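One file, start_13.pdb, is given below (PDB, C-alpha atoms).
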```pdb
MODEL        1
ATOM      1  CA  MET T   1       2.144 -24.874   2.173
ATOM      2  CA  VAL T   2       3.679 -25.233  -1.279
ATOM      3  CA  VAL T   3       2.573 -22.169  -3.226
ATOM      4  CA  ASN T   4       2.043 -22.748  -6.926
ATOM      5  CA  PRO T   5      -0.766 -22.219  -9.483
ATOM      6  CA  ALA T   6      -1.742 -25.902  -9.449
ATOM      7  CA  GLN T   7      -2.312 -26.091  -5.686
ATOM      8  CA  THR T   8      -3.086 -22.596  -4.432
ATOM      9  CA  ILE T   9      -6.275 -20.544  -4.799
ATOM     10  CA  LEU T  10      -5.698 -16.840  -4.198
ATOM     11  CA  GLY T  11      -8.152 -14.241  -2.964
ATOM     12  CA  LEU T  12      -7.619 -10.505  -3.260
ATOM     13  CA  VAL T  13      -9.720  -7.886  -1.483
ATOM     14  CA  GLY T  14      -9.324  -4.380  -2.927
ATOM     15  CA  THR T  15      -8.750  -3.850  -6.646
ATOM     16  CA  GLY T  16      -7.863  -0.164  -6.689
ATOM     17  CA  VAL T  17      -4.732   1.494  -8.081
ATOM     18  CA  MET T  18      -2.426  -1.071  -6.462
ATOM     19  CA  GLY T  19      -4.591  -4.158  -6.025
ATOM     20  CA  LYS T  20      -5.671  -4.242  -9.656
ATOM     21  CA  SER T  21      -2.098  -4.591 -10.911
ATOM     22  CA  MET T  22      -1.199  -7.106  -8.222
ATOM     23  CA  ALA T  23      -4.181  -9.320  -9.067
ATOM     24  CA  GLY T  24      -3.272  -9.043 -12.744
ATOM     25  CA  HIS T  25       0.221 -10.407 -12.115
ATOM     26  CA  PHE T  26      -1.186 -13.395 -10.229
ATOM     27  CA  ILE T  27      -3.658 -14.139 -13.044
ATOM     28  CA  GLN T  28      -0.835 -13.900 -15.573
ATOM     29  CA  ALA T  29       1.191 -16.350 -13.475
ATOM     30  CA  GLY T  30      -1.611 -18.902 -13.801
ATOM     31  CA  TYR T  31      -3.234 -18.706 -10.365
ATOM     32  CA  GLU T  32      -6.964 -19.061  -9.802
ATOM     33  CA  VAL T  33      -7.793 -15.635  -8.401
ATOM     34  CA  HIS T  34     -10.952 -14.650  -6.537
ATOM     35  CA  ILE T  35     -11.632 -10.957  -5.955
ATOM     36  CA  TYR T  36     -13.851  -8.653  -3.923
ATOM     37  CA  ASN T  37     -14.092  -4.889  -4.211
ATOM     38  CA  ARG T  38     -16.668  -2.489  -2.794
ATOM     39  CA  THR T  39     -17.453  -1.272  -6.314
ATOM     40  CA  LYS T  40     -17.787  -4.285  -8.593
ATOM     41  CA  SER T  41     -17.544  -2.238 -11.803
ATOM     42  CA  LYS T  42     -13.971  -1.255 -10.917
ATOM     43  CA  ALA T  43     -13.021  -4.934 -10.969
ATOM     44  CA  GLN T  44     -14.515  -5.632 -14.401
ATOM     45  CA  GLU T  45     -11.172  -5.713 -16.217
ATOM     46  CA  LEU T  46      -9.938  -8.443 -13.871
ATOM     47  CA  LEU T  47     -13.188 -10.384 -14.272
ATOM     48  CA  ASP T  48     -12.743 -10.189 -18.028
ATOM     49  CA  ARG T  49      -9.293 -11.719 -17.565
ATOM     50  CA  GLY T  50     -10.693 -14.695 -15.671
ATOM     51  CA  ALA T  51     -10.883 -13.620 -12.032
ATOM     52  CA  HIS T  52     -13.792 -14.989  -9.986
ATOM     53  CA  TRP T  53     -16.092 -12.538  -8.171
ATOM     54  CA  GLN T  54     -17.129 -13.031  -4.531
ATOM     55  CA  ASP T  55     -19.847 -10.986  -2.808
ATOM     56  CA  SER T  56     -18.025 -10.381   0.486
ATOM     57  CA  PRO T  57     -14.592 -10.727   2.103
ATOM     58  CA  GLY T  58     -15.935 -13.587   4.209
ATOM     59  CA  GLN T  59     -17.283 -15.466   1.200
ATOM     60  CA  LEU T  60     -13.947 -14.960  -0.566
ATOM     61  CA  ALA T  61     -12.056 -16.275   2.465
ATOM     62  CA  GLN T  62     -14.059 -19.514   2.418
ATOM     63  CA  GLN T  63     -12.910 -20.231  -1.140
ATOM     64  CA  CYS T  64      -9.204 -19.408  -0.898
ATOM     65  CA  ASP T  65      -5.948 -20.740   0.532
ATOM     66  CA  VAL T  66      -4.253 -17.324   0.610
ATOM     67  CA  ILE T  67      -6.109 -14.042   1.081
ATOM     68  CA  ILE T  68      -4.392 -10.746   0.254
ATOM     69  CA  THR T  69      -5.904  -7.392   1.175
ATOM     70  CA  MET T  70      -5.054  -3.968  -0.245
ATOM     71  CA  VAL T  71      -7.593  -1.406   0.946
ATOM     72  CA  GLY T  72      -7.598   2.212   2.066
ATOM     73  CA  PHE T  73      -7.694   2.823   5.794
ATOM     74  CA  PRO T  74      -7.147   0.953   9.087
ATOM     75  CA  LYS T  75     -10.910   1.066   9.741
ATOM     76  CA  ASP T  76     -11.398  -0.805   6.443
ATOM     77  CA  VAL T  77      -8.770  -3.378   7.442
ATOM     78  CA  GLU T  78     -10.413  -3.888  10.832
ATOM     79  CA  GLU T  79     -13.869  -4.340   9.308
ATOM     80  CA  ILE T  80     -12.654  -6.689   6.575
ATOM     81  CA  TYR T  81     -10.691  -8.923   8.937
ATOM     82  CA  LEU T  82     -12.511  -8.725  12.260
ATOM     83  CA  GLY T  83     -16.076  -7.850  11.227
ATOM     84  CA  GLU T  84     -19.069 -10.180  11.565
ATOM     85  CA  ASN T  85     -18.689 -11.555   8.028
ATOM     86  CA  GLY T  86     -14.968 -10.895   7.946
ATOM     87  CA  ILE T  87     -11.958 -12.822   6.792
ATOM     88  CA  ILE T  88     -10.735 -14.254  10.112
ATOM     89  CA  SER T  89     -14.037 -15.880  11.067
ATOM     90  CA  ASN T  90     -14.388 -17.443   7.608
ATOM     91  CA  THR T  91     -10.841 -18.558   6.820
ATOM     92  CA  LYS T  92      -9.976 -22.268   6.825
ATOM     93  CA  PRO T  93      -7.330 -23.474   9.321
ATOM     94  CA  GLY T  94      -3.931 -23.640   7.647
ATOM     95  CA  SER T  95      -4.689 -20.720   5.349
ATOM     96  CA  TYR T  96      -2.636 -17.530   5.047
ATOM     97  CA  VAL T  97      -3.860 -13.927   5.287
ATOM     98  CA  ILE T  98      -1.630 -11.097   4.085
ATOM     99  CA  ASP T  99      -2.559  -7.455   4.656
ATOM    100  CA  MET T 100      -0.642  -5.242   2.232
ATOM    101  CA  THR T 101      -2.500  -2.076   3.212
ATOM    102  CA  THR T 102      -0.455   0.558   5.016
ATOM    103  CA  SER T 103      -2.152   0.298   8.382
ATOM    104  CA  SER T 104      -1.645   0.376  12.136
ATOM    105  CA  PRO T 105       1.112  -1.794  13.652
ATOM    106  CA  MET T 106      -1.147  -2.394  16.656
ATOM    107  CA  LEU T 107      -3.974  -3.603  14.406
ATOM    108  CA  ALA T 108      -1.530  -5.911  12.593
ATOM    109  CA  LYS T 109      -0.683  -7.544  15.926
ATOM    110  CA  GLN T 110      -4.376  -7.898  16.784
ATOM    111  CA  ILE T 111      -5.110  -9.600  13.455
ATOM    112  CA  TYR T 112      -2.090 -11.883  13.927
ATOM    113  CA  GLU T 113      -3.291 -13.010  17.360
ATOM    114  CA  GLN T 114      -6.875 -13.649  16.250
ATOM    115  CA  ALA T 115      -5.662 -15.499  13.162
ATOM    116  CA  LEU T 116      -3.313 -17.628  15.252
ATOM    117  CA  ALA T 117      -6.229 -18.640  17.496
ATOM    118  CA  ARG T 118      -7.895 -20.112  14.391
ATOM    119  CA  GLN T 119      -4.683 -21.784  13.175
ATOM    120  CA  VAL T 120      -4.362 -19.235  10.383
ATOM    121  CA  PHE T 121      -1.045 -17.621   9.446
ATOM    122  CA  SER T 122      -1.040 -13.815   9.270
ATOM    123  CA  LEU T 123       1.488 -11.425   7.718
ATOM    124  CA  ASP T 124       1.514  -7.649   7.567
ATOM    125  CA  ALA T 125       3.237  -6.782   4.299
ATOM    126  CA  PRO T 126       2.816  -3.135   3.260
ATOM    127  CA  VAL T 127       4.470  -2.040   0.041
ATOM    128  CA  SER T 128       6.254   0.929  -1.486
ATOM    129  CA  GLY T 129       6.661   1.803  -5.150
ATOM    130  CA  GLY T 130       3.303   3.306  -6.034
ATOM    131  CA  ASP T 131       1.296   2.621  -9.153
ATOM    132  CA  ILE T 132       4.429   2.267 -11.294
ATOM    133  CA  GLY T 133       5.969  -0.333  -9.010
ATOM    134  CA  ALA T 134       2.695  -2.273  -8.905
ATOM    135  CA  LYS T 135       2.305  -2.239 -12.697
ATOM    136  CA  GLU T 136       5.896  -3.328 -13.282
ATOM    137  CA  ALA T 137       5.915  -5.948 -10.474
ATOM    138  CA  ARG T 138       8.844  -4.311  -8.702
ATOM    139  CA  LEU T 139       7.325  -3.253  -5.412
ATOM    140  CA  SER T 140       9.321  -3.052  -2.203
ATOM    141  CA  ILE T 141       7.585  -5.340   0.298
ATOM    142  CA  MET T 142       8.274  -5.101   4.034
ATOM    143  CA  VAL T 143       6.956  -8.063   6.000
ATOM    144  CA  GLY T 144       6.058  -8.774   9.615
ATOM    145  CA  GLY T 145       4.866 -12.063  11.136
ATOM    146  CA  SER T 146       6.435 -15.485  11.571
ATOM    147  CA  ARG T 147       9.539 -16.308   9.563
ATOM    148  CA  GLU T 148       7.983 -19.615   8.501
ATOM    149  CA  ALA T 149       4.928 -17.869   7.032
ATOM    150  CA  PHE T 150       7.175 -15.385   5.235
ATOM    151  CA  ASP T 151       9.236 -18.174   3.690
ATOM    152  CA  ALA T 152       6.078 -19.973   2.559
ATOM    153  CA  MET T 153       4.641 -16.850   0.905
ATOM    154  CA  LEU T 154       7.884 -15.651  -0.686
ATOM    155  CA  PRO T 155       7.016 -17.125  -4.129
ATOM    156  CA  LEU T 156       3.870 -14.979  -4.177
ATOM    157  CA  PHE T 157       5.698 -11.835  -3.104
ATOM    158  CA  GLN T 158       8.185 -12.446  -5.913
ATOM    159  CA  LYS T 159       5.359 -12.187  -8.468
ATOM    160  CA  ILE T 160       4.715  -8.563  -7.509
ATOM    161  CA  GLY T 161       7.925  -7.264  -5.953
ATOM    162  CA  THR T 162      11.704  -7.207  -6.239
ATOM    163  CA  ASN T 163      12.856  -5.865  -2.866
ATOM    164  CA  ILE T 164      11.279  -8.247  -0.349
ATOM    165  CA  VAL T 165      12.558  -8.067   3.220
ATOM    166  CA  TYR T 166      11.456  -9.920   6.343
ATOM    167  CA  GLN T 167      11.438  -7.344   9.139
ATOM    168  CA  GLY T 168      10.423  -9.340  12.217
ATOM    169  CA  GLU T 169       7.387 -10.228  14.309
ATOM    170  CA  ALA T 170       3.803  -9.118  13.671
ATOM    171  CA  GLY T 171       3.592  -5.343  13.209
ATOM    172  CA  ALA T 172       7.204  -5.024  12.061
ATOM    173  CA  GLY T 173       6.168  -4.634   8.433
ATOM    174  CA  GLN T 174       3.858  -1.754   9.313
ATOM    175  CA  HIS T 175       6.500  -0.069  11.487
ATOM    176  CA  THR T 176       8.942  -0.308   8.567
ATOM    177  CA  LYS T 177       6.385   1.270   6.238
ATOM    178  CA  MET T 178       6.063   4.132   8.711
ATOM    179  CA  CYS T 179       9.828   4.695   8.393
ATOM    180  CA  ASN T 180       9.331   4.759   4.623
ATOM    181  CA  GLN T 181       6.518   7.309   4.810
ATOM    182  CA  ILE T 182       8.416   9.506   7.275
ATOM    183  CA  ALA T 183      11.338   9.701   4.836
ATOM    184  CA  ILE T 184       9.039  10.422   1.886
ATOM    185  CA  ALA T 185       7.108  13.171   3.687
ATOM    186  CA  SER T 186      10.031  15.530   4.190
ATOM    187  CA  ASN T 187      11.506  14.559   0.831
ATOM    188  CA  MET T 188       8.285  15.537  -0.965
ATOM    189  CA  MET T 189       8.448  18.971   0.620
ATOM    190  CA  GLY T 190      12.001  19.331  -0.684
ATOM    191  CA  VAL T 191      11.092  18.148  -4.196
ATOM    192  CA  VAL T 192       8.187  20.574  -4.448
ATOM    193  CA  GLU T 193      10.108  23.528  -3.017
ATOM    194  CA  ALA T 194      13.027  22.883  -5.384
ATOM    195  CA  LEU T 195      10.714  22.939  -8.418
ATOM    196  CA  VAL T 196       8.939  26.082  -7.237
ATOM    197  CA  TYR T 197      12.304  27.759  -6.676
ATOM    198  CA  ALA T 198      13.501  26.702 -10.148
ATOM    199  CA  LYS T 199      10.341  28.068 -11.742
ATOM    200  CA  LYS T 200      10.417  31.397  -9.880
ATOM    201  CA  SER T 201      14.096  31.960 -10.667
ATOM    202  CA  GLY T 202      13.458  31.622 -14.382
ATOM    203  CA  LEU T 203      15.120  28.227 -14.830
ATOM    204  CA  ASP T 204      13.700  25.395 -16.921
ATOM    205  CA  PRO T 205      12.609  22.838 -14.278
ATOM    206  CA  SER T 206      13.218  19.927 -16.686
ATOM    207  CA  THR T 207      16.801  21.038 -17.256
ATOM    208  CA  VAL T 208      17.319  21.557 -13.534
ATOM    209  CA  LEU T 209      16.068  18.023 -12.946
ATOM    210  CA  LYS T 210      18.753  16.651 -15.274
ATOM    211  CA  SER T 211      21.402  18.184 -13.034
ATOM    212  CA  ILE T 212      20.083  17.301  -9.601
ATOM    213  CA  GLU T 213      18.321  13.940  -9.821
ATOM    214  CA  SER T 214      21.508  11.876 -10.159
ATOM    215  CA  GLY T 215      23.453  13.706  -7.440
ATOM    216  CA  ALA T 216      23.140  13.923  -3.681
ATOM    217  CA  ALA T 217      19.574  15.264  -4.004
ATOM    218  CA  GLY T 218      18.458  12.171  -5.907
ATOM    219  CA  SER T 219      15.405  10.234  -4.708
ATOM    220  CA  TRP T 220      12.550   8.119  -6.041
ATOM    221  CA  SER T 221      10.180  11.066  -5.656
ATOM    222  CA  LEU T 222      12.499  13.415  -7.523
ATOM    223  CA  SER T 223      12.957  10.995 -10.433
ATOM    224  CA  ASN T 224       9.366   9.760 -10.683
ATOM    225  CA  LEU T 225       7.111  12.524  -9.376
ATOM    226  CA  ALA T 226       8.990  15.689 -10.368
ATOM    227  CA  PRO T 227       8.453  14.900 -14.103
ATOM    228  CA  ARG T 228       4.723  14.530 -13.399
ATOM    229  CA  ILE T 229       4.672  17.899 -11.663
ATOM    230  CA  ILE T 230       6.502  19.544 -14.562
ATOM    231  CA  ALA T 231       3.978  18.009 -16.984
ATOM    232  CA  GLY T 232       1.043  19.217 -14.876
ATOM    233  CA  ASN T 233       0.030  15.636 -14.133
ATOM    234  CA  PHE T 234      -1.432  15.382 -10.632
ATOM    235  CA  ALA T 235      -3.298  12.090 -11.097
ATOM    236  CA  PRO T 236      -2.871   9.713  -8.166
ATOM    237  CA  GLY T 237      -0.178   7.107  -8.077
ATOM    238  CA  PHE T 238      -0.774   7.480  -4.350
ATOM    239  CA  TYR T 239      -3.667   9.534  -2.984
ATOM    240  CA  VAL T 240      -3.207  12.628  -0.821
ATOM    241  CA  LYS T 241      -5.922  11.295   1.537
ATOM    242  CA  HIS T 242      -4.054   8.013   1.993
ATOM    243  CA  PHE T 243      -0.762   9.789   2.628
ATOM    244  CA  ILE T 244      -2.406  11.877   5.356
ATOM    245  CA  LYS T 245      -3.725   8.639   6.863
ATOM    246  CA  ASP T 246      -0.207   7.174   6.877
ATOM    247  CA  MET T 247       1.276  10.259   8.492
ATOM    248  CA  LYS T 248      -1.369  10.160  11.226
ATOM    249  CA  ILE T 249      -0.521   6.520  11.970
ATOM    250  CA  ALA T 250       3.206   7.328  12.089
ATOM    251  CA  LEU T 251       2.707  10.315  14.402
ATOM    252  CA  GLN T 252       0.445   8.288  16.688
ATOM    253  CA  SER T 253       2.995   5.464  16.854
ATOM    254  CA  ALA T 254       5.786   7.982  17.483
ATOM    255  CA  GLU T 255       3.801   9.560  20.300
ATOM    256  CA  GLU T 256       3.358   6.122  21.894
ATOM    257  CA  MET T 257       7.151   5.729  21.766
ATOM    258  CA  LYS T 258       7.706   9.314  23.014
ATOM    259  CA  VAL T 259       9.482  10.308  19.782
ATOM    260  CA  GLU T 260       9.128  13.778  18.241
ATOM    261  CA  LEU T 261       8.996  14.030  14.436
ATOM    262  CA  PRO T 262       8.812  17.753  13.559
ATOM    263  CA  GLY T 263       9.387  17.262   9.820
ATOM    264  CA  LEU T 264       6.549  14.769   9.591
ATOM    265  CA  ALA T 265       4.247  17.030  11.614
ATOM    266  CA  LEU T 266       4.915  19.909   9.202
ATOM    267  CA  ALA T 267       4.323  17.713   6.145
ATOM    268  CA  LYS T 268       1.041  16.463   7.592
ATOM    269  CA  SER T 269      -0.186  20.023   8.224
ATOM    270  CA  LEU T 270       0.658  21.041   4.640
ATOM    271  CA  TYR T 271      -1.075  18.014   3.167
ATOM    272  CA  GLU T 272      -4.139  18.658   5.319
ATOM    273  CA  GLN T 273      -4.274  22.177   3.870
ATOM    274  CA  LEU T 274      -3.977  20.672   0.405
ATOM    275  CA  ALA T 275      -6.821  18.208   1.074
ATOM    276  CA  ALA T 276      -9.004  21.008   2.455
ATOM    277  CA  SER T 277      -8.552  22.856  -0.847
ATOM    278  CA  GLY T 278     -10.181  19.942  -2.696
ATOM    279  CA  GLU T 279      -7.113  17.874  -3.608
ATOM    280  CA  GLU T 280      -7.596  14.824  -1.369
ATOM    281  CA  ASP T 281      -8.049  12.528  -4.372
ATOM    282  CA  SER T 282      -5.027  13.913  -6.221
ATOM    283  CA  GLY T 283      -1.566  12.352  -6.181
ATOM    284  CA  THR T 284       0.907  13.332  -3.473
ATOM    285  CA  GLN T 285       2.807  15.447  -6.033
ATOM    286  CA  ALA T 286      -0.129  17.896  -5.922
ATOM    287  CA  LEU T 287       1.592  19.493  -2.917
ATOM    288  CA  PHE T 288       3.218  21.615  -5.632
ATOM    289  CA  LYS T 289      -0.109  23.443  -6.053
ATOM    290  CA  LEU T 290      -0.060  24.559  -2.421
ATOM    291  CA  ILE T 291       3.496  25.893  -2.533
ATOM    292  CA  ASP T 292       3.403  27.392  -6.071
ATOM    293  CA  LYS T 293       1.592  30.640  -5.310
TER     294      LYS T 293
ENDMDL
END
```
Show how you would write the structure in this file as structure tokens.
Amino acid sequence: MVVNPAQTILGLVGTGVMGKSMAGHFIQAGYEVHIYNRTKSKAQELLDRGAHWQDSPGQLAQQCDVIITMVGFPKDVEEIYLGENGIISNTKPGSYVIDMTTSSPMLAKQIYEQALARQVFSLDAPVSGGDIGAKEARLSIMVGGSREAFDAMLPLFQKIGTNIVYQGEAGAGQHTKMCNQIAIASNMMGVVEALVYAKKSGLDPSTVLKSIESGAAGSWSLSNLAPRIIAGNFAPGFYVKHFIKDMKIALQSAEEMKVELPGLALAKSLYEQLAASGEEDSGTQALFKLIDK
């Protein structure tokens, strides 16, 4: 398939924090974009910009050459792709389906196999970069599936991301995203504890940040989320509830491989405490609230 605005109709399922920006970039690039979201009102801005509404994932799949999904949980992915009126059973042969949700590697393989049986190309392509990366079209995209499908879809990935890496066969993208989340989990604990320590010792956290963010302690979370914490901004770039979901997937996959991840297990327990306190819809930086006592 030659991917360009004149020949390719895109479908996007899920227009939340990430999907909304992604769809916007495709519209701006001149593509005909069809969308579905569980709550239609949340997609109104995209409809105002020219996106076409479809009443179900299956109906959307019938209209499009490439279908991209960005939803919340593996159960949502499974329902959207493999359900009775799902994407796989309604997609035209020769089409491409790309799941950009952070989901289960095993489910990614299952979708790939069922898609292949219908002569449909499937990629698992989770992303990193949060709401900022989505808005600025500089997401990191980690991709699993056939190399040929990756090469064909690369022009689309380049509309929303800057660090785009083919990782291997089906499920490899999701496994790579698990590595990403494992690294973030322990790092977030360090970022939060450093800011709490700075505050309790009488230092100005903003001034401390100037000293440590460009040195060995530097990280995306320190540079992008620490300023939000200092400003008291706990709005979600990435939801606590979704981070817990990711950590559960990673721990389950690790258990299947007989790998112990004590740092990740600790982070998950802390975030579960945070969610239980009513912060499941806050951003991951809200962990500060649990530690700052």
Exercise for review: Pick out the residues sitting within 7 Å of T:Met106, and hand them over as a list in words; count only C-alpha atoms, and ignore anything fewer than 3 positions along from it in its own chain.
Suggested key: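 Counting only C-alpha atoms, the residues come to Lys109, Gln110 and Gly171 of chain T.
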Residues matched by the PyMOL selection byres ((chain T and resi 71) around 12), written as a PDB file with C-alpha atoms, in the frame of the given file:
```
ATOM      1  CA  LEU T  12      -7.619 -10.505  -3.260  1.00  0.00           C
ATOM      2  CA  VAL T  13      -9.720  -7.886  -1.483  1.00  0.00           C
ATOM      3  CA  GLY T  14      -9.324  -4.380  -2.927  1.00  0.00           C
ATOM      4  CA  THR T  15      -8.750  -3.850  -6.646  1.00  0.00           C
ATOM      5  CA  GLY T  16      -7.863  -0.164  -6.689  1.00  0.00           C
ATOM      6  CA  VAL T  17      -4.732   1.494  -8.081  1.00  0.00           C
ATOM      7  CA  MET T  18      -2.426  -1.071  -6.462  1.00  0.00           C
ATOM      8  CA  GLY T  19      -4.591  -4.158  -6.025  1.00  0.00           C
ATOM      9  CA  LYS T  20      -5.671  -4.242  -9.656  1.00  0.00           C
ATOM     10  CA  TYR T  36     -13.851  -8.653  -3.923  1.00  0.00           C
ATOM     11  CA  ASN T  37     -14.092  -4.889  -4.211  1.00  0.00           C
ATOM     12  CA  ARG T  38     -16.668  -2.489  -2.794  1.00  0.00           C
ATOM     13  CA  PRO T  57     -14.592 -10.727   2.103  1.00  0.00           C
ATOM     14  CA  ILE T  68      -4.392 -10.746   0.254  1.00  0.00           C
ATOM     15  CA  THR T  69      -5.904  -7.392   1.175  1.00  0.00           C
ATOM     16  CA  MET T  70      -5.054  -3.968  -0.245  1.00  0.00           C
ATOM     17  CA  GLY T  72      -7.598   2.212   2.066  1.00  0.00           C
ATOM     18  CA  PHE T  73      -7.694   2.823   5.794  1.00  0.00           C
ATOM     19  CA  PRO T  74      -7.147   0.953   9.087  1.00  0.00           C
ATOM     20  CA  LYS T  75     -10.910   1.066   9.741  1.00  0.00           C
ATOM     21  CA  ASP T  76     -11.398  -0.805   6.443  1.00  0.00           C
ATOM     22  CA  VAL T  77      -8.770  -3.378   7.442  1.00  0.00           C
ATOM     23  CA  GLU T  78     -10.413  -3.888  10.832  1.00  0.00           C
ATOM     24  CA  GLU T  79     -13.869  -4.340   9.308  1.00  0.00           C
ATOM     25  CA  ILE T  80     -12.654  -6.689   6.575  1.00  0.00           C
ATOM     26  CA  TYR T  81     -10.691  -8.923   8.937  1.00  0.00           C
ATOM     27  CA  ILE T  98      -1.630 -11.097   4.085  1.00  0.00           C
ATOM     28  CA  ASP T  99      -2.559  -7.455   4.656  1.00  0.00           C
ATOM     29  CA  MET T 100      -0.642  -5.242   2.232  1.00  0.00           C
ATOM     30  CA  THR T 101      -2.500  -2.076   3.212  1.00  0.00           C
ATOM     31  CA  THR T 102      -0.455   0.558   5.016  1.00  0.00           C
ATOM     32  CA  SER T 103      -2.152   0.298   8.382  1.00  0.00           C
ATOM     33  CA  PRO T 126       2.816  -3.135   3.260  1.00  0.00           C
ATOM     34  CA  HIS T 242      -4.054   8.013   1.993  1.00  0.00           C
TER      35      HIS T 242
END
```
Review point. Within 12 Å of (-19.3, -12.0, 0.4), in the coordinates the file gives, what residues turn up when you count all atoms listed in the file, written out as a VMD selection string?
Key: chain T and resid 11 13 34 to 38 40 53 to 63 80 84 to 87 90
Practice item. Between T:Ile141, T:Leu261, T:Cys179, T:Leu209, single out the one closest to T:Gly161, counting only C-alpha atoms. Key: T:Ile141
Exercise for review: Using the chain letters and numbering of this document, enumerate as a PyMOL selection string the residues selected by the PyMOL selection byres ((chain T and resi 274) around 12).
Suggested key: chain T and resi 239-241+243-244+267-273+275-292
Residues of the last selection are to be written out with C-alpha atoms, as a compact mmCIF listing (two decimals), in the coordinates of the input.
```txt
# COMPACT_ATOMS: atom_id res chain seq x y z
CA TYR T 239 -3.67 9.53 -2.98
CA VAL T 240 -3.21 12.63 -0.82
CA LYS T 241 -5.92 11.30 1.54
CA PHE T 243 -0.76 9.79 2.63
CA ILE T 244 -2.41 11.88 5.36
CA ALA T 267 4.32 17.71 6.14
CA LYS T 268 1.04 16.46 7.59
CA SER T 269 -0.19 20.02 8.22
CA LEU T 270 0.66 21.04 4.64
CA TYR T 271 -1.08 18.01 3.17
CA GLU T 272 -4.14 18.66 5.32
CA GLN T 273 -4.27 22.18 3.87
CA ALA T 275 -6.82 18.21 1.07
CA ALA T 276 -9.00 21.01 2.46
CA SER T 277 -8.55 22.86 -0.85
CA GLY T 278 -10.18 19.94 -2.70
CA GLU T 279 -7.11 17.87 -3.61
CA GLU T 280 -7.60 14.82 -1.37
CA ASP T 281 -8.05 12.53 -4.37
CA SER T 282 -5.03 13.91 -6.22
CA GLY T 283 -1.57 12.35 -6.18
CA THR T 284 0.91 13.33 -3.47
CA GLN T 285 2.81 15.45 -6.03
CA ALA T 286 -0.13 17.90 -5.92
CA LEU T 287 1.59 19.49 -2.92
CA PHE T 288 3.22 21.62 -5.63
CA LYS T 289 -0.11 23.44 -6.05
CA LEU T 290 -0.06 24.56 -2.42
CA ILE T 291 3.50 25.89 -2.53
CA ASP T 292 3.40 27.39 -6.07
```
Write out as a Markdown table the residues of stretch 163-200 of chain T that have any atom within 9 Å of an atom of stretch 219-227 of chain T, one row each with the nearest atom pair and its distance in Å to one decimal, counting all atoms listed in the file, sorted by chain and then rising number.
```
| residue | atom | partner | partner_atom | distance |
| --- | --- | --- | --- | --- |
| T:Ile184 | CA | T:Ser221 | CA | 7.7 |
| T:Asn187 | CA | T:Ser221 | CA | 7.5 |
| T:Met188 | CA | T:Ser221 | CA | 6.8 |
| T:Val191 | CA | T:Leu222 | CA | 6.0 |
| T:Val192 | CA | T:Ala226 | CA | 7.7 |
| T:Leu195 | CA | T:Ala226 | CA | 7.7 |
```
**Study point:** Output of the PyMOL selection byres ((chain T and resi 3) around 8), listed as a list in words
**Key:**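 For this structure, the PyMOL selection byres ((chain T and resi 3) around 8) captures Met1, Val2, Asn4, Pro5, Gln7, Thr8, Ala152, Met153, Pro155 and Leu156 of chain T.
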Point to revise | Top pick for closest residue to T:Ile67, considering T:Leu10, T:Leu82, T:Leu123, T:Val208 and counting all atoms listed in the file | key: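 So, comparing all the options, the nearest one is T:Leu10.
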Practice item. Can you work out which one of T:Glu255, T:Asp124, T:Glu213, T:Asp246 has the shortest atom-to-atom distance to T:Gln167, counting only C-alpha atoms? Key: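 Of T:Glu255, T:Asp124, T:Glu213, T:Asp246, the one nearest T:Gln167 is T:Asp124, counting only C-alpha atoms.
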Review point. Quick one: distance from atom CA of T:Ile132 to atom CA of T:Pro236 in Å, one decimal?
Key: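 These atoms are spaced 10.9 Å apart.
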Practice item. Could you check which of T:Ser104, T:Ser146, T:Ser21, T:Ser128 is closest to T:Leu116, using all atoms listed in the file? Key: T:Ser146
Exercise for review: To one decimal in Å, tell me the separation between atom CA of T:Val66 and atom CA of T:Ile27.
Suggested key: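 Result for atom CA of T:Val66 versus atom CA of T:Ile27: 14.0 Å, one decimal.
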Study note, to complete from the structure: In Å and to one decimal, atom CA of T:Met247 is distant from atom CA of T:Gln181 by 7.1 Å
